[in-house]
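One file, upload28.cif, is given below (mmCIF, C-alpha atoms and all ligand atoms).
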data_query
#
loop_
_atom_site.label_atom_id
_atom_site.label_comp_id
_atom_site.auth_asym_id
_atom_site.auth_seq_id
_atom_site.Cartn_x
_atom_site.Cartn_y
_atom_site.Cartn_z
CA MET A 30 -121.66 -74.03 -118.80
CA SER A 31 -120.51 -75.03 -115.33
CA THR A 32 -119.80 -78.75 -115.45
CA ASP A 33 -119.87 -79.21 -111.68
CA ARG A 34 -123.36 -77.80 -111.35
CA TYR A 35 -124.93 -80.51 -113.49
CA ARG A 36 -122.47 -83.33 -112.82
CA ARG A 37 -124.92 -85.61 -111.03
CA GLN A 38 -127.58 -84.97 -113.65
CA THR A 39 -125.39 -85.62 -116.68
CA LEU A 40 -124.61 -89.04 -115.19
CA VAL A 41 -128.23 -89.94 -115.93
CA LYS A 42 -128.16 -91.82 -119.24
CA GLU A 43 -131.51 -90.45 -120.36
CA LEU A 44 -129.99 -86.94 -120.38
CA GLY A 45 -126.19 -87.16 -120.51
CA GLN A 46 -123.78 -84.32 -121.35
CA LYS A 47 -125.27 -83.91 -124.83
CA GLY A 48 -128.79 -83.55 -123.49
CA GLN A 49 -127.59 -81.06 -120.91
CA GLU A 50 -125.89 -78.95 -123.57
CA LEU A 51 -129.00 -79.08 -125.77
CA LEU A 52 -131.19 -78.05 -122.83
CA ALA A 53 -129.00 -74.97 -122.33
CA THR A 54 -129.96 -73.76 -125.82
CA LYS A 55 -133.71 -73.88 -125.15
CA HIS A 56 -136.19 -71.21 -124.12
CA ALA A 57 -139.27 -71.96 -122.02
CA ILE A 58 -142.14 -69.71 -121.07
CA VAL A 59 -144.09 -70.55 -117.93
CA ILE A 60 -147.59 -69.07 -117.94
CA GLY A 61 -148.68 -68.57 -114.34
CA GLY A 62 -146.47 -68.34 -111.27
CA GLY A 63 -148.67 -70.10 -108.71
CA GLY A 64 -148.67 -73.65 -107.34
CA LEU A 65 -147.62 -75.36 -110.55
CA GLY A 66 -145.72 -72.53 -112.25
CA SER A 67 -143.47 -71.64 -109.31
CA HIS A 68 -142.44 -75.29 -108.85
CA SER A 69 -141.94 -75.93 -112.56
CA ALA A 70 -139.92 -72.74 -113.07
CA ASN A 71 -137.80 -73.59 -110.04
CA LEU A 72 -136.98 -77.05 -111.42
CA LEU A 73 -136.34 -75.89 -114.99
CA VAL A 74 -133.90 -73.24 -113.77
CA ARG A 75 -132.12 -75.64 -111.41
CA MET A 76 -131.92 -78.32 -114.12
CA GLY A 77 -130.36 -75.98 -116.67
CA ILE A 78 -132.85 -74.64 -119.19
CA GLY A 79 -131.18 -71.94 -121.31
CA SER A 80 -133.67 -69.17 -120.67
CA LEU A 81 -137.02 -68.86 -118.98
CA ASP A 82 -139.80 -66.29 -118.97
CA ILE A 83 -142.37 -66.43 -116.22
CA VAL A 84 -145.60 -64.52 -116.74
CA ASP A 85 -148.09 -63.59 -114.02
CA ASN A 86 -149.94 -60.38 -113.22
CA ASP A 87 -150.88 -61.39 -109.70
CA THR A 88 -149.30 -60.60 -106.34
CA VAL A 89 -148.21 -63.05 -103.68
CA ASP A 90 -151.06 -63.77 -101.28
CA ILE A 91 -151.08 -65.61 -97.96
CA THR A 92 -153.38 -68.23 -99.51
CA ASN A 93 -150.62 -69.12 -102.02
CA LEU A 94 -147.97 -70.16 -99.52
CA HIS A 95 -149.20 -73.67 -98.72
CA ARG A 96 -148.68 -74.98 -102.24
CA THR A 97 -146.07 -72.81 -103.96
CA SER A 98 -142.29 -72.90 -104.18
CA LEU A 99 -139.86 -70.05 -103.43
CA PHE A 100 -142.32 -67.48 -101.99
CA THR A 101 -142.00 -66.45 -98.34
CA GLN A 102 -144.15 -64.33 -96.04
CA GLU A 103 -141.85 -61.38 -96.81
CA ASP A 104 -143.06 -61.51 -100.42
CA LEU A 105 -146.73 -60.97 -99.60
CA GLY A 106 -148.20 -58.20 -101.76
CA LYS A 107 -145.28 -58.23 -104.24
CA SER A 108 -145.52 -59.17 -107.93
CA LYS A 109 -145.20 -62.96 -108.33
CA ALA A 110 -143.35 -62.53 -111.63
CA PHE A 111 -140.76 -60.16 -110.18
CA VAL A 112 -140.25 -62.16 -106.97
CA LEU A 113 -139.73 -65.33 -109.01
CA GLN A 114 -137.36 -63.50 -111.36
CA GLU A 115 -135.19 -62.38 -108.45
CA LYS A 116 -135.17 -65.77 -106.71
CA LEU A 117 -134.65 -67.83 -109.86
CA ARG A 118 -131.72 -65.62 -110.93
CA ALA A 119 -130.15 -66.16 -107.52
CA ILE A 120 -130.49 -69.96 -107.93
CA ASN A 121 -128.76 -70.15 -111.31
CA THR A 122 -127.00 -67.19 -112.93
CA GLU A 123 -126.35 -69.30 -116.04
CA VAL A 124 -130.05 -69.14 -116.94
CA ARG A 125 -131.54 -65.98 -118.42
CA VAL A 126 -134.67 -65.43 -116.35
CA ARG A 127 -137.28 -62.77 -117.06
CA GLY A 128 -140.36 -62.13 -114.95
CA ILE A 129 -143.22 -60.56 -116.90
CA ASN A 130 -145.90 -58.87 -114.82
CA GLN A 131 -148.71 -59.15 -117.36
CA LYS A 132 -152.09 -60.79 -117.74
CA VAL A 133 -151.98 -63.32 -120.59
CA THR A 134 -154.81 -62.79 -123.07
CA LYS A 135 -155.83 -63.87 -126.56
CA GLU A 136 -154.48 -60.53 -127.76
CA ASN A 137 -150.96 -60.65 -126.28
CA ILE A 138 -150.20 -64.38 -126.15
CA GLU A 139 -148.62 -64.54 -129.60
CA SER A 140 -146.04 -61.87 -128.80
CA LEU A 141 -145.26 -63.55 -125.47
CA VAL A 142 -144.70 -67.07 -126.78
CA LYS A 143 -143.33 -66.46 -130.28
CA ASN A 144 -139.67 -67.14 -129.34
CA ALA A 145 -140.39 -70.03 -126.99
CA ASP A 146 -139.36 -73.61 -127.66
CA VAL A 147 -141.97 -74.80 -125.17
CA ILE A 148 -144.90 -73.38 -123.19
CA VAL A 149 -145.38 -74.62 -119.63
CA ASP A 150 -148.92 -74.43 -118.25
CA GLY A 151 -148.98 -72.92 -114.78
CA THR A 152 -152.43 -71.41 -115.09
CA ASP A 153 -155.59 -72.47 -113.30
CA SER A 154 -157.92 -71.29 -116.05
CA MET A 155 -159.34 -73.69 -118.64
CA SER A 156 -160.19 -70.81 -120.99
CA LEU A 157 -156.56 -69.66 -120.91
CA ARG A 158 -155.40 -73.23 -121.52
CA PHE A 159 -157.53 -73.38 -124.67
CA ILE A 160 -155.91 -70.09 -125.79
CA ILE A 161 -152.47 -71.64 -125.16
CA ASN A 162 -153.57 -74.75 -127.09
CA GLU A 163 -154.64 -72.75 -130.13
CA VAL A 164 -151.49 -70.67 -130.30
CA SER A 165 -149.37 -73.80 -129.78
CA ILE A 166 -150.96 -75.52 -132.78
CA LYS A 167 -150.87 -72.35 -134.90
CA TYR A 168 -147.15 -71.69 -134.34
CA ASN A 169 -146.05 -75.30 -133.82
CA ILE A 170 -144.81 -74.68 -130.27
CA PRO A 171 -145.09 -77.70 -127.95
CA TRP A 172 -146.68 -77.19 -124.57
CA VAL A 173 -147.23 -79.13 -121.38
CA TYR A 174 -150.69 -79.06 -119.85
CA ALA A 175 -151.03 -79.58 -116.11
CA GLY A 176 -153.89 -79.14 -113.69
CA VAL A 177 -154.58 -79.83 -110.03
CA TYR A 178 -157.80 -80.27 -108.07
CA GLU A 179 -158.12 -81.44 -104.45
CA THR A 180 -155.73 -84.45 -104.40
CA VAL A 181 -155.68 -85.24 -108.13
CA GLY A 182 -153.42 -83.81 -110.81
CA MET A 183 -153.16 -84.29 -114.56
CA VAL A 184 -150.23 -83.75 -116.92
CA MET A 185 -149.79 -84.15 -120.65
CA GLY A 186 -147.14 -82.97 -123.08
CA ILE A 187 -148.52 -81.81 -126.41
CA LEU A 188 -146.50 -81.92 -129.60
CA PRO A 189 -148.56 -80.04 -132.21
CA LYS A 190 -150.03 -82.20 -134.97
CA LYS A 191 -148.12 -85.23 -133.64
CA THR A 192 -149.86 -85.97 -130.32
CA PRO A 193 -153.41 -85.17 -129.12
CA CYS A 194 -154.03 -81.50 -128.30
CA LEU A 195 -156.07 -80.21 -125.36
CA GLN A 196 -159.19 -80.08 -127.52
CA CYS A 197 -158.70 -83.74 -128.53
CA ILE A 198 -158.71 -84.78 -124.85
CA SER A 199 -161.36 -82.32 -123.67
CA GLN A 200 -163.75 -85.20 -122.85
CA ASN A 201 -161.19 -86.59 -120.40
CA ILE A 202 -160.38 -83.46 -118.39
CA PRO A 203 -162.47 -81.54 -115.87
CA GLU A 204 -164.41 -78.51 -117.00
CA SER A 205 -163.71 -75.01 -115.69
CA ILE A 206 -164.42 -74.65 -112.01
CA SER A 207 -165.59 -71.32 -110.71
CA GLY A 208 -164.50 -69.98 -107.34
CA GLU A 209 -161.58 -71.14 -105.24
CA ILE A 210 -160.02 -74.42 -106.35
CA PRO A 211 -159.34 -76.81 -103.46
CA VAL A 212 -155.75 -78.10 -103.59
CA LEU A 213 -153.75 -80.22 -101.16
CA GLY A 214 -150.40 -78.45 -100.62
CA SER A 215 -148.29 -81.48 -101.57
CA LEU A 216 -149.98 -81.99 -104.93
CA PRO A 217 -148.58 -79.18 -107.14
CA ALA A 218 -144.96 -80.11 -106.31
CA ILE A 219 -145.30 -83.64 -107.68
CA ILE A 220 -147.41 -82.66 -110.67
CA ALA A 221 -144.97 -79.85 -111.52
CA SER A 222 -142.08 -82.28 -111.19
CA ILE A 223 -143.69 -84.56 -113.78
CA GLN A 224 -144.58 -81.54 -115.91
CA CYS A 225 -140.97 -80.32 -115.83
CA THR A 226 -139.71 -83.77 -116.86
CA GLU A 227 -142.18 -83.92 -119.78
CA THR A 228 -141.04 -80.39 -120.75
CA ILE A 229 -137.41 -81.49 -120.86
CA LYS A 230 -138.30 -84.64 -122.82
CA LEU A 231 -140.16 -82.50 -125.38
CA LEU A 232 -137.16 -80.18 -125.69
CA LEU A 233 -134.80 -83.10 -126.22
CA GLY A 234 -137.09 -84.75 -128.77
CA LYS A 235 -137.85 -87.78 -126.58
CA PRO A 236 -141.16 -89.66 -126.78
CA LEU A 237 -143.85 -88.48 -124.39
CA ALA A 238 -146.10 -90.37 -122.00
CA GLY A 239 -149.85 -89.94 -122.60
CA LEU A 240 -152.26 -88.20 -120.25
CA LEU A 241 -151.14 -88.92 -116.71
CA ILE A 242 -153.54 -88.76 -113.78
CA TYR A 243 -152.15 -88.95 -110.26
CA ASP A 244 -153.96 -89.04 -106.94
CA VAL A 245 -151.44 -88.02 -104.29
CA TRP A 246 -153.74 -89.03 -101.41
CA ASN A 247 -154.56 -92.53 -102.62
CA GLN A 248 -151.19 -93.08 -104.30
CA CYS A 249 -152.50 -94.10 -107.66
CA PHE A 250 -151.14 -93.31 -111.07
CA ASP A 251 -153.13 -93.83 -114.22
CA THR A 252 -152.09 -93.11 -117.79
CA MET A 253 -154.49 -92.79 -120.67
CA ASP A 254 -153.26 -93.39 -124.18
CA ILE A 255 -155.59 -91.05 -126.02
CA LYS A 256 -155.42 -90.82 -129.78
CA ARG A 257 -155.61 -87.63 -131.78
CA ASN A 258 -159.08 -86.77 -132.94
CA PRO A 259 -158.91 -86.47 -136.75
CA ARG A 260 -161.99 -84.23 -136.58
CA CYS A 261 -160.54 -81.97 -133.84
CA PRO A 262 -161.45 -78.35 -134.70
CA ILE A 263 -158.02 -77.16 -133.53
CA CYS A 264 -155.47 -79.76 -134.69
CA GLY A 265 -157.59 -82.07 -136.84
CA ILE A 266 -156.64 -83.22 -140.28
CA LYS A 267 -160.25 -83.05 -141.41
CA LYS A 268 -161.85 -79.77 -140.40
CA LEU A 269 -165.42 -79.98 -139.13
ZN ZN A 301 -156.72 -81.64 -131.30
#

Mind turning this structure into structure tokens?
Ligand SMILES: [Zn+2]
Amino acid sequence: MSTDRYRRQTLVKELGQKGQELLATKHAIVIGGGGLGSHSANLLVRMGIGSLDIVDNDTVDITNLHRTSLFTQEDLGKSKAFVLQEKLRAINTEVRVRGINQKVTKENIESLVKNADVIVDGTDSMSLRFIINEVSIKYNIPWVYAGVYETVGMVMGILPKKTPCLQCISQNIPESISGEIPVLGSLPAIIASIQCTETIKLLLGKPLAGLLIYDVWNQCFDTMDIKRNPRCPICGIKKL
């Protein structure tokens, strides 16, 4: 591992040299390469994750450019996964980066995530998030939920059977929205930054914050300390 690359980061006591070395042994999978996923993948690669898969079956569209990281106008029409693979590899050759041009489904998710130490939510689909949640609990793989809408974003790290899962907090998060989701361009960057930090904390075994809600327009943070639902049909101790 290049020591110079991470010198300023290893000076941070929360991480240190040991944390940096541990991070370099970890594998993350980012599901979705849009507003959240492109920013989160960018940060994880720059900060020194060991390996990273990024999955998306979409192509870069002009409507993506206001809120994403790394894409340029020259990338329009190209596979998001492959563009991100190329750019992320150029940022940090010490990280093994793989772009996967595939739609994530209930059928293929297990094979995609089985070797991951953490799943990073870069999707904009609630139904896909519930699929991620189920597979996370089933295989004991932590994941970090994040969502954005207009000027408000939400983030929560989920440690299976230890902290509330997405189903446990389903009363507190917005339902699926059909059609185009309105998003202020500055919002995904900050939400992804928090998501990336929660991802690294999960990988290093540090305690997580609860559900964080941030309004980038009105500058207000709110955290909700939600308890696990013992009757949760996904992670509950007592099955319904
Ligand atoms: Zn649950």

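Between atom CA of Ala145 of chain A and atom CA of Lys55 of chain A the separation is 7.9 Å.
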
>> What's around Arg96 of chain A at 7 Å? Count all atoms listed in the file, leave out sequence neighbours fewer than 6 positions away in its own chain, and write the answer as a PyMOL selection string.
In response: chain A and resi 64+214-215+217

Hey, which bits of chain A sit within 7 Å of ligand ZN 301 (chain A), and for each residue what's the closest pair of atoms and how far apart in Å (one decimal), counting only C-alpha atoms and all ligand atoms, rows by chain and increasing number, as a tab-separated table?
residue	atom	partner	partner_atom	distance
A:Pro193	CA	A:ZN301	ZN	5.3
A:Cys194	CA	A:ZN301	ZN	4.0
A:Leu195	CA	A:ZN301	ZN	6.1
A:Gln196	CA	A:ZN301	ZN	4.8
A:Cys197	CA	A:ZN301	ZN	4.0
A:Arg257	CA	A:ZN301	ZN	6.1
A:Asn258	CA	A:ZN301	ZN	5.9
A:Cys261	CA	A:ZN301	ZN	4.6
A:Pro262	CA	A:ZN301	ZN	6.7
A:Ile263	CA	A:ZN301	ZN	5.2
A:Cys264	CA	A:ZN301	ZN	4.1
A:Gly265	CA	A:ZN301	ZN	5.6

> How many Å separate atom CA of Pro171 of chain A from atom CA of Asp146 of chain A?
Replying inline: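 It comes out at 7.0 Å.
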
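With all atoms listed in the file as the basis for measurement, A:Ile60 is the residue among A:Ile60, A:Ile160, A:Ile78, A:Val177 that approaches Lys132 of chain A most closely.
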
>> Let me make sure I understand: among A:Ser67, A:Leu52, A:Leu157, A:Trp172, which one has the smallest atom-to-atom distance to Glu136 of chain A if we use all atoms listed in the file?
In response: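 Between A:Ser67, A:Leu52, A:Leu157, A:Trp172, the residue approaching Glu136 of chain A most closely is A:Leu157.
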
> Any idea what the distance is between atom CA of Lys143 of chain A and atom CA of Ala218 of chain A?
Replying inline: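 Value for the atom CA of Lys143 of chain A-atom CA of Ala218 of chain A distance: 27.6 Å.
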
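Among the candidates A:Leu213, A:Ile266, A:Ala70, A:Ile223, the residue lying nearest to Lys190 of chain A is A:Ile266 (atoms considered: only C-alpha atoms).
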
>> Restricting the calculation to all atoms listed in the file: of A:Pro211, A:Leu94, A:Val89, A:Val147, which residue gets closest to Lys230 of chain A?
In response: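 Between A:Pro211, A:Leu94, A:Val89, A:Val147, the residue approaching Lys230 of chain A most closely is A:Val147.
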
> Between A:Arg75, A:Gly234, A:Thr97, A:Ile161, which one has atoms that come closest to Arg125 of chain A, using only C-alpha atoms?
Replying inline: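 The closest residue to Arg125 of chain A is A:Arg75.
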
> Between A:Leu105, A:Cys225, A:Ile148, A:Val181, which is the closest to Gly77 of chain A once you count all atoms listed in the file?
Replying inline: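 Comparing A:Leu105, A:Cys225, A:Ile148, A:Val181 against Gly77 of chain A, the winner is A:Cys225.
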
Step by step: start from the point (-151.0, -77.3, -118.1) in the file's coordinates, keep every protein, DNA or RNA residue that has an atom no farther than 9 Å from it, count only C-alpha atoms, and write the set as a CSV table (one decimal) with C-alpha atoms, keeping the file's coordinate frame.
chain,number,residue,atom,x,y,z
A,60,ILE,CA,-147.6,-69.1,-117.9
A,65,LEU,CA,-147.6,-75.4,-110.6
A,148,ILE,CA,-144.9,-73.4,-123.2
A,149,VAL,CA,-145.4,-74.6,-119.6
A,150,ASP,CA,-148.9,-74.4,-118.2
A,151,GLY,CA,-149.0,-72.9,-114.8
A,152,THR,CA,-152.4,-71.4,-115.1
A,153,ASP,CA,-155.6,-72.5,-113.3
A,158,ARG,CA,-155.4,-73.2,-121.5
A,172,TRP,CA,-146.7,-77.2,-124.6
A,173,VAL,CA,-147.2,-79.1,-121.4
A,174,TYR,CA,-150.7,-79.1,-119.8
A,175,ALA,CA,-151.0,-79.6,-116.1
A,176,GLY,CA,-153.9,-79.1,-113.7
A,183,MET,CA,-153.2,-84.3,-114.6
A,184,VAL,CA,-150.2,-83.8,-116.9
A,185,MET,CA,-149.8,-84.2,-120.6
A,186,GLY,CA,-147.1,-83.0,-123.1
A,224,GLN,CA,-144.6,-81.5,-115.9
